[in-house]
Amino acid sequence: MCGACRQQYGQTKCPFCKEELLKEELLDFIDAFLGTIGTEDGAYDAHEMSMVIEQWQFHEMEFEASPRVMRRMAQSLMENHAFQRDLRHALQSGAGHRGAVHRGSAWLWDAASLLFRLYGFHEAQPLQNGHLLEEAVEILLSPDEESGRLGLLYEQALQAWLLSGERPELASLVRRCGWAVVISYQSGDEAQRALLSEQILSTVHADYFMVSHRGIWGSKRQDMVWQSFCTDGPRDLV
C-alpha cells in the first residue's frame, strides 16, 4: 500500500495477511511494562507488578484470535536488555537463596504467571534468550525452594495454561507443579499441610479445576491436586 492508502485504511489488520498492525501500541505497552516490573537496583512493587501482569492477560484475551501478536510481544520482551538484566538478577538471587524470601527470588515468584506464559511460547517455538525462562522454571519448581508458596504457584501455572489456549507445553508444566504441591503436602507437617490447603482452596478458581480435570490430568479421578485438597481426604501416592 502507498502512504496515502495506509492513512485512509484505518483498520488494525493488514489487508493482505490479516495480521494485527499494532506495533507502536505494543511497544508502548512493553515500555510501560518494563518500567513497572523492575529497576536497576532490583527493587519493584509487587502490587504494581500484579496489575501490569493482569494487563498482559487482558492483551492475551484481546488477541486470542491472533496468537502471533502475543508471540511477537513475548519475543520483544525477551530481546529487551532491561528485562534480561532483571531476569538474570532474579535468577542469580533465586539460585543463591533457595528456601529464603530474598528480594531476587521473590521477584521470580511474583512474576511466575508471566514467566510461565513466556516459557510456553518458548517451548512451542524457541525464543531468543529462552534459556533464562528454562532456568526460572527450574528454580521455581526446585525441591529446595520454599514449598510454602507452591499452592500459589499452581494457580499461576493454571492461568498461564488457560491463556495459552490450553497448549500441551504448559499442560506438562502444570502437572509438574501439581505433583510438587501434592508431594510437599503429603510429606509436610500439620502446619505445612494447612498452609498449602488454604492456598489451593482460596486461590484456584472452581472453573479452573473443572477445566483442568481432563485438560491437564486426563480425568477428575486422575487429578492429584483435586484428590488431595478437594475431597474428603488426600489420596496416597503409593
# chains A, B, ... in the order shown; residues from 1 in each chain; ligands from 1
>>> residues_around(residues="range 163-167 of chain A", least_positions_apart="6", cutoff="8 Å", atoms="only C-alpha atoms", output="number ranges by chain")
A: 57, 60-61, 117, 120, 215
>>> residues_around(residues="Tyr185 in chain A", least_positions_apart="3", cutoff="10 Å", atoms="only C-alpha atoms", output="list in words")
Ser147, Gly148, Leu150, Gly151, Trp179, Ala180, Val181, Val182, Gly188, Asp189, Glu190, Ala191, Gln192, Arg193, Ala194, Leu195, Leu196, Ser197, Val225, Ser228, Phe229 and Pro234 of chain A
>>> closest_residue(among="A:Ala171, A:Leu118, A:Leu141, A:Cys5", to="Gly94 in chain A", atoms="only C-alpha atoms")
A:Leu141
>>> atom_distance(atom1="CA of Tyr119 in chain A", atom2="CA of Asp207 in chain A")
23.5 Å
>>> closest_residue(among="A:Leu132, A:Ile183, A:Val204, A:Ala111", to="Tyr154 in chain A", atoms="only C-alpha atoms")
A:Val204
>>> select_by_dssp(residues="range 157-231 of chain A", states="alpha helix (DSSP H)", output="PyMOL selection string")
chain A and resi 157-163+168-187+190-203+206-212+224-229
>>> atom_distance(atom1="CA of Leu26 in chain A", atom2="CA of Glu64 in chain A")
15.0 Å
>>> closest_atom_pairs(of="range 108-167 of chain A", to="range 66-87 of chain A", cutoff="8 Å", atoms="only C-alpha atoms", output="tab-separated table")
residue	atom	partner	partner_atom	distance
A:Leu118	CA	A:Ala74	CA	6.2
A:Phe121	CA	A:Arg71	CA	6.6
A:Leu127	CA	A:Gln75	CA	6.2
A:Gln128	CA	A:Met78	CA	6.3
A:Asn129	CA	A:Met78	CA	6.3
A:Gly130	CA	A:Met78	CA	7.4
A:Leu132	CA	A:Leu87	CA	7.4
>>> atom_distance(atom1="CA of Ser113 in chain A", atom2="CA of Thr231 in chain A")
26.5 Å
>>> decode(residues="range 151-174 of chain A", atoms="N, CA, C and O atoms", output="compact mmCIF listing (two decimals), in the first residue's frame")
# COMPACT_ATOMS: atom_id res chain seq x y z
N GLY A 151 1.37 -23.73 46.62
CA GLY A 151 -0.06 -23.65 46.34
C GLY A 151 -0.41 -22.45 45.49
O GLY A 151 -1.24 -22.52 44.59
N LEU A 152 0.25 -21.33 45.76
CA LEU A 152 0.05 -20.12 44.96
C LEU A 152 0.60 -20.31 43.55
O LEU A 152 0.06 -19.79 42.58
N LEU A 153 1.70 -21.04 43.45
CA LEU A 153 2.34 -21.26 42.16
C LEU A 153 1.45 -22.10 41.24
O LEU A 153 1.43 -21.88 40.03
N TYR A 154 0.73 -23.06 41.80
CA TYR A 154 -0.13 -23.92 40.98
C TYR A 154 -1.21 -23.10 40.28
O TYR A 154 -1.48 -23.31 39.10
N GLU A 155 -1.79 -22.14 40.99
CA GLU A 155 -2.81 -21.30 40.39
C GLU A 155 -2.23 -20.47 39.24
O GLU A 155 -2.87 -20.29 38.20
N GLN A 156 -1.01 -19.98 39.41
CA GLN A 156 -0.38 -19.19 38.36
C GLN A 156 -0.05 -20.04 37.13
O GLN A 156 -0.16 -19.58 35.99
N ALA A 157 0.35 -21.29 37.36
CA ALA A 157 0.61 -22.20 36.24
C ALA A 157 -0.67 -22.48 35.47
O ALA A 157 -0.67 -22.54 34.24
N LEU A 158 -1.78 -22.66 36.19
CA LEU A 158 -3.06 -22.88 35.53
C LEU A 158 -3.47 -21.67 34.70
O LEU A 158 -3.97 -21.81 33.58
N GLN A 159 -3.25 -20.48 35.23
CA GLN A 159 -3.57 -19.25 34.48
C GLN A 159 -2.80 -19.21 33.16
O GLN A 159 -3.36 -18.89 32.11
N ALA A 160 -1.50 -19.49 33.23
CA ALA A 160 -0.68 -19.45 32.03
C ALA A 160 -1.17 -20.46 31.01
O ALA A 160 -1.21 -20.18 29.80
N TRP A 161 -1.54 -21.65 31.47
CA TRP A 161 -2.04 -22.69 30.57
C TRP A 161 -3.33 -22.26 29.89
O TRP A 161 -3.50 -22.45 28.68
N LEU A 162 -4.25 -21.68 30.64
CA LEU A 162 -5.51 -21.23 30.07
C LEU A 162 -5.30 -20.11 29.06
O LEU A 162 -5.92 -20.10 27.99
N LEU A 163 -4.40 -19.16 29.36
CA LEU A 163 -4.13 -18.07 28.44
C LEU A 163 -3.50 -18.57 27.14
O LEU A 163 -3.67 -17.97 26.08
N SER A 164 -2.77 -19.68 27.23
CA SER A 164 -2.11 -20.22 26.04
C SER A 164 -3.08 -20.94 25.11
O SER A 164 -2.68 -21.38 24.04
N GLY A 165 -4.36 -21.04 25.52
CA GLY A 165 -5.29 -21.83 24.74
C GLY A 165 -5.16 -23.30 25.05
O GLY A 165 -5.45 -24.15 24.21
N GLU A 166 -4.72 -23.59 26.29
CA GLU A 166 -4.58 -24.97 26.78
C GLU A 166 -3.54 -25.75 25.96
O GLU A 166 -3.75 -26.90 25.59
N ARG A 167 -2.42 -25.10 25.72
CA ARG A 167 -1.34 -25.73 24.96
C ARG A 167 -0.71 -26.87 25.75
O ARG A 167 -0.56 -26.79 26.97
N PRO A 168 -0.32 -27.97 25.08
CA PRO A 168 0.27 -29.11 25.78
C PRO A 168 1.60 -28.79 26.45
O PRO A 168 1.96 -29.43 27.44
N GLU A 169 2.35 -27.81 25.90
CA GLU A 169 3.64 -27.47 26.52
C GLU A 169 3.45 -27.00 27.96
O GLU A 169 4.24 -27.33 28.84
N LEU A 170 2.39 -26.24 28.19
CA LEU A 170 2.14 -25.75 29.53
C LEU A 170 1.34 -26.73 30.37
O LEU A 170 1.36 -26.66 31.60
N ALA A 171 0.63 -27.65 29.73
CA ALA A 171 -0.07 -28.69 30.49
C ALA A 171 0.93 -29.53 31.27
O ALA A 171 0.70 -29.87 32.44
N SER A 172 2.06 -29.87 30.66
CA SER A 172 3.08 -30.66 31.36
C SER A 172 3.68 -29.87 32.51
O SER A 172 4.02 -30.43 33.55
N LEU A 173 3.81 -28.55 32.34
CA LEU A 173 4.33 -27.71 33.41
C LEU A 173 3.35 -27.67 34.59
O LEU A 173 3.76 -27.76 35.75
N VAL A 174 2.05 -27.58 34.30
CA VAL A 174 1.05 -27.57 35.36
C VAL A 174 1.07 -28.90 36.12
O VAL A 174 1.00 -28.92 37.36
